[in-house]
>>> print(open('structure.cif').read())   # mmCIF, C-alpha atoms
data_my_file
#
loop_
_atom_site.label_atom_id
_atom_site.label_comp_id
_atom_site.auth_asym_id
_atom_site.auth_seq_id
_atom_site.Cartn_x
_atom_site.Cartn_y
_atom_site.Cartn_z
CA MET O 1 44.94 -59.46 15.57
CA LYS O 2 45.13 -56.78 12.95
CA SER O 3 46.40 -53.39 14.07
CA PRO O 4 43.74 -50.67 13.69
CA LEU O 5 46.38 -48.58 11.88
CA THR O 6 46.26 -50.93 8.92
CA ILE O 7 42.52 -50.48 8.49
CA PRO O 8 41.81 -47.66 6.03
CA ALA O 9 41.13 -44.48 7.94
CA PHE O 10 37.71 -43.98 6.42
CA ALA O 11 36.45 -47.42 7.48
CA LEU O 12 37.98 -46.87 10.89
CA VAL O 13 35.99 -43.72 11.34
CA LEU O 14 32.78 -45.16 9.92
CA CYS O 15 32.57 -47.89 12.52
CA ASN O 16 31.63 -45.15 14.95
CA GLY O 17 34.38 -45.64 17.47
CA LEU O 18 33.02 -48.95 18.62
CA CYS O 19 35.54 -51.16 16.82
CA VAL O 20 38.37 -48.71 17.55
CA HIS O 21 37.36 -48.84 21.16
CA THR O 22 37.42 -52.62 21.19
CA ALA O 23 40.64 -52.92 19.22
CA LEU O 24 42.50 -50.46 21.42
CA ALA O 25 41.13 -52.02 24.58
CA GLN O 26 42.70 -55.29 23.51
CA LEU O 27 45.96 -53.71 22.41
CA ALA O 28 46.52 -51.44 25.36
CA PRO O 29 44.21 -52.23 28.25
CA PHE O 30 46.11 -49.98 30.65
CA GLU O 31 46.45 -46.90 28.52
CA ASN O 32 43.11 -45.15 28.90
CA ALA O 33 44.20 -42.03 27.00
CA LEU O 34 44.21 -44.20 23.87
CA LEU O 35 40.52 -44.92 24.26
CA PRO O 36 38.16 -42.46 22.59
CA ASP O 37 35.89 -41.12 25.36
CA SER O 38 33.22 -39.44 23.17
CA GLY O 39 32.93 -37.15 26.17
CA LYS O 40 32.01 -33.75 24.76
CA LEU O 41 28.45 -32.49 24.87
CA PRO O 42 26.41 -32.90 21.66
CA LEU O 43 27.06 -30.10 19.11
CA THR O 44 30.23 -28.92 20.91
CA ALA O 45 32.50 -30.84 18.52
CA GLY O 46 31.32 -28.72 15.60
CA PHE O 47 31.26 -29.97 12.01
CA ASN O 48 33.69 -29.89 9.06
CA ASP O 49 34.08 -26.94 6.72
CA VAL O 50 34.81 -27.18 2.97
CA ASP O 51 38.54 -27.26 3.76
CA GLY O 52 38.02 -30.20 6.14
CA ALA O 53 38.75 -28.29 9.35
CA GLY O 54 36.50 -28.49 12.39
CA GLY O 55 34.03 -25.62 12.08
CA ALA O 56 30.72 -25.03 10.36
CA GLY O 57 30.22 -25.14 6.57
CA LEU O 58 32.55 -22.46 5.22
CA VAL O 59 34.45 -21.27 8.28
CA PRO O 60 36.78 -23.11 10.68
CA TRP O 61 36.21 -22.72 14.44
CA ALA O 62 38.74 -22.71 17.26
CA LEU O 63 37.04 -25.86 18.58
CA ILE O 64 38.99 -29.10 18.13
CA THR O 65 37.07 -31.59 16.00
CA GLY O 66 35.71 -34.89 17.32
CA TYR O 67 34.04 -35.82 20.58
CA GLY O 68 37.24 -36.55 22.52
CA THR O 69 37.82 -34.37 25.58
CA ALA O 70 41.16 -33.09 26.90
CA ASN O 71 41.63 -36.59 28.38
CA SER O 72 41.23 -38.40 25.09
CA TRP O 73 40.79 -38.11 21.32
CA GLY O 74 38.13 -38.30 18.65
CA ALA O 75 37.79 -38.45 14.89
CA ASN O 76 35.28 -38.08 12.11
CA ALA O 77 34.71 -38.42 8.40
CA HIS O 78 32.62 -36.00 6.39
CA TYR O 79 30.96 -35.91 3.01
CA THR O 80 29.64 -32.60 1.77
CA ALA O 81 27.82 -31.81 -1.44
CA ILE O 82 27.08 -28.28 -2.63
CA GLN O 83 24.98 -27.82 -5.74
CA LEU O 84 25.12 -24.30 -7.09
CA ARG O 85 23.46 -22.78 -10.14
CA ASP O 86 26.25 -23.87 -12.53
CA PHE O 87 28.73 -25.71 -10.33
CA ARG O 88 28.90 -28.59 -7.87
CA LEU O 89 31.43 -28.87 -5.05
CA ARG O 90 31.95 -32.15 -3.25
CA SER O 91 34.21 -32.40 -0.24
CA TYR O 92 35.13 -35.49 1.70
CA GLY O 93 37.79 -36.25 4.24
CA VAL O 94 38.80 -37.32 7.70
CA ALA O 95 39.83 -35.32 10.76
CA VAL O 96 41.28 -36.32 14.12
CA GLY O 97 41.28 -34.26 17.30
CA ALA O 98 43.58 -35.15 20.19
CA LEU O 99 43.57 -33.97 23.81
CA ASP O 100 41.19 -31.17 22.83
CA ARG O 101 44.39 -29.46 21.69
CA ILE O 102 45.47 -30.62 18.23
CA GLU O 103 43.46 -31.29 15.09
CA VAL O 104 44.74 -32.82 11.86
CA SER O 105 42.64 -33.22 8.74
CA ALA O 106 42.90 -34.50 5.18
CA THR O 107 40.26 -33.56 2.64
CA ARG O 108 39.64 -33.76 -1.07
CA ASP O 109 37.50 -31.17 -2.84
CA GLN O 110 36.12 -31.85 -6.27
CA PHE O 111 34.57 -29.01 -8.23
CA ASP O 112 32.54 -29.75 -11.34
CA VAL O 113 30.97 -27.39 -13.81
CA THR O 114 27.36 -28.51 -14.26
CA GLY O 115 26.03 -25.66 -16.40
CA THR O 116 27.11 -23.02 -18.96
CA ALA O 117 29.34 -23.70 -21.99
CA LEU O 118 31.95 -25.22 -19.68
CA ASN O 119 29.61 -28.01 -18.54
CA GLY O 120 31.71 -31.09 -17.76
CA LEU O 121 34.92 -29.33 -16.75
CA SER O 122 36.27 -30.52 -13.43
CA VAL O 123 38.98 -29.54 -10.97
CA ALA O 124 40.13 -31.09 -7.68
CA GLN O 125 42.40 -30.30 -4.76
CA HIS O 126 43.77 -31.96 -1.65
CA ILE O 127 43.90 -30.09 1.64
CA TYR O 128 45.96 -31.08 4.67
CA GLY O 129 45.18 -29.11 7.81
CA LEU O 130 46.67 -28.68 11.26
CA LYS O 131 45.02 -26.68 14.03
CA VAL O 132 46.27 -26.06 17.56
CA ARG O 133 44.19 -24.64 20.40
CA VAL O 134 46.31 -21.97 22.06
CA PHE O 135 44.21 -20.91 25.04
CA GLY O 136 40.67 -20.58 26.36
CA ASP O 137 37.77 -22.98 26.50
CA ALA O 138 34.66 -21.99 24.55
CA VAL O 139 32.34 -24.09 26.72
CA TYR O 140 33.65 -23.97 30.30
CA ASP O 141 34.92 -20.38 30.50
CA GLN O 142 31.44 -18.90 30.94
CA ASP O 143 32.74 -16.61 33.70
CA SER O 144 35.20 -14.90 31.37
CA TRP O 145 35.18 -12.99 28.08
CA VAL O 146 38.25 -14.88 26.83
CA PRO O 147 37.34 -16.92 23.73
CA GLN O 148 38.80 -20.27 22.81
CA THR O 149 41.62 -19.32 20.48
CA ALA O 150 43.42 -21.47 17.92
CA VAL O 151 45.90 -21.13 15.10
CA GLY O 152 45.80 -23.26 11.97
CA VAL O 153 47.55 -23.99 8.74
CA GLU O 154 46.16 -25.57 5.57
CA TYR O 155 48.42 -26.89 2.84
CA LYS O 156 46.50 -27.07 -0.42
CA LYS O 157 47.56 -28.87 -3.57
CA ASN O 158 45.50 -28.40 -6.69
CA SER O 159 45.49 -31.58 -8.75
CA GLY O 160 44.56 -29.88 -11.98
CA ILE O 161 41.73 -29.42 -14.43
CA SER O 162 40.25 -32.39 -16.26
CA ASN O 163 37.79 -32.86 -19.14
CA SER O 164 38.88 -29.63 -20.82
CA ALA O 165 38.91 -31.17 -24.31
CA ALA O 166 35.20 -31.94 -24.00
CA VAL O 167 34.40 -28.23 -23.68
CA GLY O 168 36.76 -27.15 -26.44
CA LEU O 169 39.55 -25.97 -24.19
CA ASP O 170 42.15 -28.58 -25.24
CA GLY O 171 45.31 -28.36 -23.21
CA LEU O 172 43.79 -26.58 -20.23
CA VAL O 173 45.13 -28.72 -17.38
CA SER O 174 46.12 -26.30 -14.64
CA PRO O 175 44.69 -23.17 -12.99
CA THR O 176 48.06 -21.54 -13.73
CA GLN O 177 46.85 -21.33 -17.35
CA LEU O 178 43.98 -19.15 -16.10
CA GLY O 179 46.42 -16.71 -14.51
CA ALA O 180 47.10 -18.31 -11.14
CA LEU O 181 50.74 -18.16 -10.06
CA SER O 182 50.85 -21.59 -8.50
CA ASP O 183 48.88 -24.79 -8.03
CA VAL O 184 49.99 -25.14 -4.40
CA GLY O 185 49.39 -22.77 -1.53
CA THR O 186 49.35 -22.53 2.23
CA ASP O 187 46.67 -20.73 4.25
CA TRP O 188 47.35 -19.55 7.80
CA TYR O 189 44.56 -18.61 10.17
CA VAL O 190 43.83 -17.49 13.68
CA ASN O 191 40.38 -17.98 15.11
CA ALA O 192 38.43 -17.26 18.24
CA THR O 193 35.25 -19.07 19.24
CA LYS O 194 33.02 -18.21 22.17
CA LEU O 195 29.91 -19.95 23.35
CA PHE O 196 27.65 -17.41 25.05
CA LEU O 197 25.73 -20.12 26.84
CA ALA O 198 23.36 -17.84 28.75
CA GLN O 199 22.31 -16.38 25.38
CA SER O 200 22.41 -19.78 23.59
CA LEU O 201 24.75 -18.17 21.04
CA LEU O 202 27.99 -19.36 19.48
CA VAL O 203 30.16 -16.70 17.87
CA ASN O 204 33.28 -17.38 15.83
CA ALA O 205 35.70 -15.04 14.06
CA THR O 206 38.56 -16.17 11.84
CA ILE O 207 41.33 -14.14 10.23
CA ARG O 208 42.92 -15.95 7.29
CA PHE O 209 46.12 -15.16 5.39
CA THR O 210 45.64 -16.68 1.98
CA LYS O 211 46.45 -16.61 -1.73
CA ALA O 212 43.79 -19.19 -2.58
CA ASN O 213 41.47 -18.47 -5.50
CA GLU O 214 38.00 -19.94 -4.84
CA PHE O 215 39.38 -21.89 -1.83
CA GLY O 216 42.34 -23.04 -4.01
CA LEU O 217 40.18 -24.66 -6.70
CA LEU O 218 41.44 -22.02 -9.14
CA GLY O 219 45.01 -22.05 -7.84
CA PHE O 220 46.93 -19.56 -5.74
CA GLY O 221 47.82 -15.92 -6.42
CA GLY O 222 47.19 -14.37 -9.80
CA ASP O 223 47.52 -11.64 -12.34
CA LEU O 224 45.74 -9.09 -10.12
CA ASN O 225 47.50 -9.89 -6.85
CA ARG O 226 50.55 -12.03 -6.23
CA ASN O 227 50.58 -12.09 -2.44
CA ARG O 228 48.59 -13.34 0.51
CA SER O 229 45.75 -11.11 1.61
CA VAL O 230 44.02 -10.90 4.98
CA GLU O 231 40.47 -12.22 4.87
CA PHE O 232 37.74 -12.15 7.51
CA GLU O 233 35.37 -15.01 8.24
CA THR O 234 32.64 -15.38 10.83
CA THR O 235 29.95 -17.73 12.09
CA ILE O 236 27.06 -16.93 14.38
CA ALA O 237 24.84 -19.78 15.55
CA TYR O 238 21.79 -19.87 17.79
CA ILE O 239 21.37 -23.12 19.66
CA LEU O 240 17.71 -24.10 19.76
CA THR O 241 17.98 -27.44 21.55
CA ARG O 242 20.75 -29.69 22.84
CA LYS O 243 20.99 -31.20 19.38
CA PHE O 244 19.83 -28.54 16.96
CA ALA O 245 21.25 -25.16 15.97
CA VAL O 246 20.74 -22.61 13.23
CA GLY O 247 23.22 -20.03 12.06
CA ALA O 248 24.84 -17.94 9.39
CA GLU O 249 28.35 -17.64 8.04
CA TYR O 250 30.33 -15.17 6.00
CA ARG O 251 33.72 -15.74 4.40
CA ASP O 252 35.68 -13.10 2.53
CA LYS O 253 37.81 -14.39 -0.32
CA PRO O 254 40.70 -12.75 -2.18
CA HIS O 255 40.31 -11.44 -5.72
CA ASN O 256 43.54 -12.41 -7.45
CA LEU O 257 42.42 -13.57 -10.87
CA GLY O 258 41.28 -11.40 -13.76
CA VAL O 259 39.17 -14.26 -15.15
CA ASP O 260 37.26 -14.68 -11.89
CA ASP O 261 35.23 -11.87 -10.37
CA GLU O 262 35.65 -13.57 -6.99
CA ARG O 263 33.43 -12.41 -4.13
CA ALA O 264 32.63 -13.37 -0.57
CA ALA O 265 30.82 -16.60 0.29
CA TRP O 266 28.00 -16.85 2.83
CA ASP O 267 25.40 -19.27 4.02
CA VAL O 268 22.52 -19.78 6.41
CA PHE O 269 22.48 -23.23 7.95
CA ALA O 270 20.69 -25.66 10.23
CA ALA O 271 22.72 -28.31 12.06
CA TRP O 272 21.38 -31.41 13.71
CA THR O 273 23.36 -33.80 15.89
CA PRO O 274 21.05 -36.72 16.76
CA SER O 275 23.97 -38.43 18.55
CA ARG O 276 27.69 -37.95 19.09
CA ASN O 277 28.27 -40.27 16.13
CA ILE O 278 26.39 -38.37 13.48
CA SER O 279 25.74 -34.79 12.39
CA VAL O 280 23.87 -33.33 9.46
CA VAL O 281 24.21 -29.76 8.25
CA ALA O 282 21.92 -28.28 5.62
CA ALA O 283 22.37 -24.79 4.26
CA PHE O 284 21.50 -22.27 1.63
CA VAL O 285 24.88 -21.15 0.34
CA SER O 286 26.25 -18.52 -2.00
CA LEU O 287 29.80 -18.57 -3.33
CA GLY O 288 29.35 -15.35 -5.34
CA SER O 289 30.04 -15.28 -9.07
CA ILE O 290 32.58 -17.84 -10.30
CA LEU O 291 34.59 -17.49 -13.54
CA ALA O 292 31.95 -15.09 -14.86
CA PRO O 293 34.11 -13.61 -17.65
CA VAL O 294 34.70 -17.14 -19.00
CA THR O 295 31.27 -18.70 -18.49
CA LYS O 296 29.37 -15.51 -19.48
CA GLN O 297 27.15 -16.30 -16.49
CA SER O 298 27.54 -13.42 -14.06
CA ARG O 299 24.75 -14.30 -11.64
CA ASP O 300 25.78 -15.37 -8.15
CA GLN O 301 26.32 -19.06 -7.68
CA ASN O 302 23.74 -19.87 -5.01
CA GLY O 303 22.46 -23.24 -4.03
CA ALA O 304 22.04 -26.00 -1.52
CA TYR O 305 24.61 -27.37 0.91
CA LEU O 306 24.26 -30.75 2.57
CA SER O 307 26.89 -32.32 4.79
CA LEU O 308 27.04 -35.57 6.70
CA GLN O 309 29.56 -36.15 9.46
CA VAL O 310 30.17 -39.50 11.10
CA GLY O 311 32.57 -40.05 13.97
CA PHE O 312 33.18 -40.21 17.69
CA MET T 1 8.38 11.78 5.30
CA LYS T 2 7.97 8.12 4.53
CA ALA T 3 11.76 7.64 4.64
CA PHE T 4 11.72 8.55 8.32
CA GLY T 5 8.72 6.39 9.13
CA ARG T 6 10.38 3.00 9.08
CA PRO T 7 13.54 3.87 11.10
CA ALA T 8 11.38 5.67 13.66
CA ARG T 9 9.17 2.63 14.06
CA LEU T 10 12.27 0.44 14.38
CA VAL T 11 13.67 2.67 17.13
CA ALA T 12 10.36 2.57 18.97
CA LEU T 13 10.18 -1.20 18.61
CA SER T 14 13.78 -1.60 19.84
CA ALA T 15 13.04 0.59 22.84
CA LEU T 16 9.97 -1.52 23.65
CA MET T 17 12.01 -4.71 23.36
CA LEU T 18 14.69 -3.30 25.65
CA MET T 19 12.05 -2.31 28.19
CA SER T 20 10.45 -5.73 28.13
CA ALA T 21 13.92 -7.29 28.46
CA GLY T 22 14.47 -5.07 31.48
CA ALA T 23 11.15 -6.14 32.96
CA ARG T 24 12.07 -9.78 32.50
CA ALA T 25 15.42 -9.20 34.18
CA ASP T 26 13.58 -8.30 37.40
CA LYS T 27 12.48 -11.91 37.67
CA THR T 28 15.28 -14.20 38.85
CA LEU T 29 16.32 -17.22 36.80
CA TYR T 30 15.08 -19.32 39.72
CA GLU T 31 11.58 -17.86 39.37
CA SER T 32 11.62 -18.08 35.56
CA MET T 33 12.50 -21.77 35.72
CA GLY T 34 9.48 -22.39 37.92
CA GLY T 35 10.99 -22.02 41.38
CA GLU T 36 11.20 -24.78 43.97
CA PRO T 37 8.61 -27.19 42.44
CA ALA T 38 10.36 -27.24 39.04
CA LEU T 39 13.84 -27.55 40.50
CA ARG T 40 12.84 -30.33 42.93
CA ALA T 41 11.12 -32.20 40.10
CA ALA T 42 14.19 -31.82 37.89
CA LEU T 43 16.44 -33.18 40.63
CA ASP T 44 14.16 -36.17 41.21
CA HIS T 45 14.54 -37.01 37.50
CA PHE T 46 18.25 -36.26 37.75
CA ALA T 47 18.83 -38.73 40.60
CA ASP T 48 17.08 -41.46 38.60
CA ILE T 49 19.02 -40.66 35.43
CA VAL T 50 22.52 -40.53 36.97
CA VAL T 51 22.19 -43.85 38.80
CA ALA T 52 21.17 -45.45 35.50
CA ASP T 53 24.01 -43.75 33.58
CA ASP T 54 26.94 -46.18 33.26
CA ARG T 55 29.29 -43.33 32.44
CA ILE T 56 28.99 -41.83 35.93
CA ASN T 57 26.86 -43.96 38.24
CA PHE T 58 29.92 -45.45 39.97
CA THR T 59 30.71 -42.00 41.37
CA PHE T 60 27.41 -42.19 43.27
CA ALA T 61 28.04 -45.70 44.61
CA GLU T 62 28.48 -44.50 48.17
CA ALA T 63 26.38 -41.35 47.94
CA ASN T 64 23.32 -40.62 50.07
CA MET T 65 21.03 -39.59 47.19
CA ALA T 66 18.53 -37.73 49.38
CA LYS T 67 21.30 -35.60 50.83
CA PHE T 68 22.84 -35.17 47.39
CA LYS T 69 19.53 -33.93 45.96
CA GLN T 70 19.02 -31.51 48.85
CA LEU T 71 22.53 -30.03 48.53
CA LEU T 72 22.21 -29.75 44.76
CA PHE T 73 18.82 -28.09 45.18
CA GLU T 74 20.34 -25.53 47.57
CA GLN T 75 23.22 -24.88 45.22
CA LEU T 76 21.13 -24.48 42.04
CA CYS T 77 18.54 -22.38 43.90
CA ASN T 78 21.27 -20.13 45.30
CA LEU T 79 23.10 -19.79 41.98
CA SER T 80 19.93 -18.94 40.06
CA GLY T 81 18.98 -16.16 42.45
CA GLY T 82 16.56 -18.09 44.65
CA PRO T 83 16.14 -17.67 48.43
CA CYS T 84 18.46 -20.51 49.45
CA LYS T 85 21.79 -20.95 51.16
CA TYR T 86 24.16 -23.67 50.01
CA THR T 87 25.26 -25.66 53.07
CA GLY T 88 27.57 -28.13 51.30
CA ARG T 89 31.30 -28.20 50.84
CA ASP T 90 33.11 -26.33 48.06
CA MET T 91 33.32 -27.99 44.66
CA ARG T 92 36.99 -28.94 44.82
CA THR T 93 36.75 -30.56 48.27
CA SER T 94 33.58 -32.47 47.46
CA HIS T 95 34.92 -33.92 44.19
CA VAL T 96 38.67 -34.34 44.54
CA LYS T 97 38.51 -37.91 45.82
CA LEU T 98 36.30 -38.95 42.90
CA LYS T 99 39.02 -37.99 40.36
CA ILE T 100 36.44 -36.70 37.90
CA ASN T 101 37.51 -36.41 34.24
CA ASN T 102 36.06 -34.20 31.51
CA ALA T 103 33.82 -36.89 30.00
CA GLU T 104 32.26 -37.55 33.43
CA PHE T 105 31.73 -33.85 34.07
CA ASN T 106 30.05 -33.48 30.69
CA ALA T 107 27.95 -36.62 31.17
CA LEU T 108 26.61 -35.15 34.42
CA ALA T 109 25.88 -31.85 32.64
CA GLU T 110 24.05 -33.76 29.90
CA ASP T 111 21.95 -35.63 32.48
CA LEU T 112 21.10 -32.35 34.18
CA TYR T 113 20.01 -30.87 30.83
CA ILE T 114 17.72 -33.87 30.26
CA SER T 115 16.33 -33.64 33.82
CA LEU T 116 15.57 -29.93 33.53
CA GLY T 117 13.83 -30.61 30.22
CA GLN T 118 11.72 -33.34 31.82
CA ALA T 119 10.72 -30.86 34.52
CA GLY T 120 9.50 -28.46 31.85
CA VAL T 121 12.32 -25.92 32.06
CA PRO T 122 12.76 -24.39 28.56
CA TYR T 123 16.11 -25.05 26.85
CA ARG T 124 16.93 -21.32 26.79
CA LEU T 125 16.71 -21.24 30.61
CA GLN T 126 18.56 -24.56 30.96
CA ASN T 127 21.45 -22.83 29.19
CA LYS T 128 21.29 -19.84 31.55
CA LEU T 129 21.63 -22.21 34.50
CA MET T 130 24.37 -24.21 32.79
CA ALA T 131 26.30 -20.99 32.10
CA LEU T 132 26.54 -20.60 35.90
CA LEU T 133 27.67 -24.21 36.39
CA ALA T 134 30.12 -24.58 33.48
CA PRO T 135 33.05 -22.71 35.11
CA MET T 136 32.95 -25.26 37.97
CA GLN T 137 34.73 -27.60 35.55
CA HIS T 138 37.94 -25.91 36.69
CA GLU T 139 37.38 -27.07 40.30
CA ILE T 140 35.61 -30.37 39.69
CA VAL T 141 37.74 -31.96 36.95
CA THR T 142 41.03 -33.10 38.47
CA LYS T 143 42.01 -35.79 35.99
#
>>> encode(input="structure.cif", output="structure tokens")
Amino acid sequence: MKSPLTIPAFALVLCNGLCVHTALAQLAPFENALLPDSGKLPLTAGFNDVDGAGGAGLVPWALITGYGTANSWGANAHYTAIQLRDFRLRSYGVAVGALDRIEVSATRDQFDVTGTALNGLSVAQHIYGLKVRVFGDAVYDQDSWVPQTAVGVEYKKNSGISNSAAVGLDGLVSPTQLGALSDVGTDWYVNATKLFLAQSLLVNATIRFTKANEFGLLGFGGDLNRNRSVEFETTIAYILTRKFAVGAEYRDKPHNLGVDDERAAWDVFAAWTPSRNISVVAAFVSLGSILAPVTKQSRDQNGAYLSLQVGF
Amino acid sequence: MKAFGRPARLVALSALMLMSAGARADKTLYESMGGEPALRAALDHFADIVVADDRINFTFAEANMAKFKQLLFEQLCNLSGGPCKYTGRDMRTSHVKLKINNAEFNALAEDLYISLGQAGVPYRLQNKLMALLAPMQHEIVTK
């Protein structure tokens, strides 16, 4: 029989664990740790942020993605679409969580201009993430103030700007031509997540060390600032039922580029997890003004966020 | 004058909310959940749900369900501030032979959530009870 490793990862995730379960049961009937247990409680696996990490919409959490417990593993695929006033961001990728300890993710972000004189311009990036839970358990440690704490790294590679000729910017192929110092960058972060179960509240705080301009979509570093800066991110969610939560997020971003009056991003969201195999997050999101000096459109880029996550 | 009006009203409102929160705190979680009738009803549902739950029903294969329900009632009543004494064994001793893993612990928690809901306990209060039970994972899960 065909090894599950040869099946494309996306298809593997989309079959909801069932075929993985069956395939692995046949391959290794005695190695139970290889079987996904889908053992976490609904909602406690979180979702995927725009960088592909386990978290909410904009901010990674210290929770390890997927429904596998410390005895097992889990995985998911996500597709997220954000339609702003003049831009559209689409993010899709896969993430695997193992032993409730390690998370790896691969994501592609595509950012299209859908309004202003730059309508049609497009830029994309790939993001590869690794997160390790260091200590604490957000769910079980209800008798302690210690949050679940994780460290993470995200390697981001911008794959360039396309369609520039169509908007009269012939030859514009890289964010480095807009003042960015590089088209690759690495973010480091530390985060702490605590579920205050008696209050039905989840609180997350993330400190990120980053050079990324607009998440990396406009490259890394720039004419205003060459180095990494320390940025603060937070999520607060109120859990209304076992499968439904509402919350808000805030994510500071650097301001490295003269051509981009970059500001913080925020959102208010509702998340629904009808089963451990599927989650939907809808939000009202603002990414602040984007490329305002170039587009001559200085109003904040606000809009709708919709994300679908499938996994086990 | 008007500039002071709104903050003053907010302070007064906050004080009222704090007072009402204090008044609520006088009532135990046990009473808020509906006391013995609600908890007994929840545990009746719970016993039915766990024996039908393939993820964990084998751990109850040799259990005396009436005794199990009584002990769990005592424990939940005691934990939530009710007038009960728990007469069972400690969590580690009573579970060690079952070699419970995390998925089984969570499945039981999920079934208890559903049972409490069926007994009319609001989700907010289910979480307050679960917050008292969650740390038991450290004693119960041995695999």
>>> resolve_selection(input="structure.cif", expression="the PyMOL selection byres ((chain T and resi 89-94) around 10)", output="VMD selection string")
chain T and resid 71 86 to 88 95 to 98 136 to 142
>>> closest_atom_pairs(input="structure.cif", of="chain T", to="chain O", cutoff="12 Å", atoms="all atoms listed in the file", output="JSON lines")
{"residue": "T:Leu29", "atom": "CA", "partner": "O:Ala198", "partner_atom": "CA", "distance": 10.7}
{"residue": "T:Arg55", "atom": "CA", "partner": "O:Gly39", "partner_atom": "CA", "distance": 9.5}
{"residue": "T:Ile56", "atom": "CA", "partner": "O:Gly39", "partner_atom": "CA", "distance": 11.5}
{"residue": "T:Ser80", "atom": "CA", "partner": "O:Ala198", "partner_atom": "CA", "distance": 11.9}
{"residue": "T:Ile100", "atom": "CA", "partner": "O:Asn71", "partner_atom": "CA", "distance": 10.8}
{"residue": "T:Asn101", "atom": "CA", "partner": "O:Asn71", "partner_atom": "CA", "distance": 7.2}
{"residue": "T:Asn102", "atom": "CA", "partner": "O:Thr69", "partner_atom": "CA", "distance": 6.2}
{"residue": "T:Ala103", "atom": "CA", "partner": "O:Gly39", "partner_atom": "CA", "distance": 3.9}
{"residue": "T:Glu104", "atom": "CA", "partner": "O:Gly39", "partner_atom": "CA", "distance": 7.3}
{"residue": "T:Phe105", "atom": "CA", "partner": "O:Gly39", "partner_atom": "CA", "distance": 8.6}
{"residue": "T:Asn106", "atom": "CA", "partner": "O:Leu41", "partner_atom": "CA", "distance": 6.1}
{"residue": "T:Ala107", "atom": "CA", "partner": "O:Gly39", "partner_atom": "CA", "distance": 7.1}
{"residue": "T:Leu108", "atom": "CA", "partner": "O:Leu41", "partner_atom": "CA", "distance": 10.1}
{"residue": "T:Ala109", "atom": "CA", "partner": "O:Leu41", "partner_atom": "CA", "distance": 8.2}
{"residue": "T:Glu110", "atom": "CA", "partner": "O:Leu41", "partner_atom": "CA", "distance": 6.8}
{"residue": "T:Asp111", "atom": "CA", "partner": "O:Leu41", "partner_atom": "CA", "distance": 10.5}
{"residue": "T:Leu112", "atom": "CA", "partner": "O:Arg242", "partner_atom": "CA", "distance": 11.7}
{"residue": "T:Tyr113", "atom": "CA", "partner": "O:Arg242", "partner_atom": "CA", "distance": 8.1}
{"residue": "T:Ile114", "atom": "CA", "partner": "O:Arg242", "partner_atom": "CA", "distance": 9.0}
{"residue": "T:Leu116", "atom": "CA", "partner": "O:Arg242", "partner_atom": "CA", "distance": 11.9}
{"residue": "T:Gly117", "atom": "CA", "partner": "O:Thr241", "partner_atom": "CA", "distance": 10.1}
{"residue": "T:Pro122", "atom": "CA", "partner": "O:Thr241", "partner_atom": "CA", "distance": 9.3}
{"residue": "T:Tyr123", "atom": "CA", "partner": "O:Thr241", "partner_atom": "CA", "distance": 6.1}
{"residue": "T:Arg124", "atom": "CA", "partner": "O:Ser200", "partner_atom": "CA", "distance": 6.5}
{"residue": "T:Leu125", "atom": "CA", "partner": "O:Ala198", "partner_atom": "CA", "distance": 7.7}
{"residue": "T:Gln126", "atom": "CA", "partner": "O:Ala198", "partner_atom": "CA", "distance": 8.5}
{"residue": "T:Asn127", "atom": "CA", "partner": "O:Ala198", "partner_atom": "CA", "distance": 5.4}
{"residue": "T:Lys128", "atom": "CA", "partner": "O:Ala198", "partner_atom": "CA", "distance": 4.0}
{"residue": "T:Leu129", "atom": "CA", "partner": "O:Ala198", "partner_atom": "CA", "distance": 7.4}
{"residue": "T:Met130", "atom": "CA", "partner": "O:Leu197", "partner_atom": "CA", "distance": 7.3}
{"residue": "T:Ala131", "atom": "CA", "partner": "O:Leu197", "partner_atom": "CA", "distance": 5.4}
{"residue": "T:Leu132", "atom": "CA", "partner": "O:Gln142", "partner_atom": "CA", "distance": 7.2}
{"residue": "T:Leu133", "atom": "CA", "partner": "O:Gln142", "partner_atom": "CA", "distance": 8.5}
{"residue": "T:Ala134", "atom": "CA", "partner": "O:Tyr140", "partner_atom": "CA", "distance": 4.8}
{"residue": "T:Pro135", "atom": "CA", "partner": "O:Tyr140", "partner_atom": "CA", "distance": 5.0}
{"residue": "T:Met136", "atom": "CA", "partner": "O:Tyr140", "partner_atom": "CA", "distance": 7.8}
{"residue": "T:Gln137", "atom": "CA", "partner": "O:Tyr140", "partner_atom": "CA", "distance": 6.5}
{"residue": "T:His138", "atom": "CA", "partner": "O:Tyr140", "partner_atom": "CA", "distance": 7.9}
{"residue": "T:Glu139", "atom": "CA", "partner": "O:Tyr140", "partner_atom": "CA", "distance": 11.1}
{"residue": "T:Ile140", "atom": "CA", "partner": "O:Tyr140", "partner_atom": "CA", "distance": 11.5}
{"residue": "T:Val141", "atom": "CA", "partner": "O:Asn71", "partner_atom": "CA", "distance": 10.5}
{"residue": "T:Thr142", "atom": "CA", "partner": "O:Asn71", "partner_atom": "CA", "distance": 10.7}
{"residue": "T:Lys143", "atom": "CA", "partner": "O:Asn71", "partner_atom": "CA", "distance": 7.7}
>>> residues_around(input="structure.cif", residues="Tyr155 in chain O", least_positions_apart="2", cutoff="6 Å", atoms="all atoms listed in the file", output="CSV table (one decimal) with C-alpha atoms, in the frame of the given file")
chain,number,residue,atom,x,y,z
O,127,ILE,CA,43.9,-30.1,1.6
O,128,TYR,CA,46.0,-31.1,4.7
O,186,THR,CA,49.4,-22.5,2.2
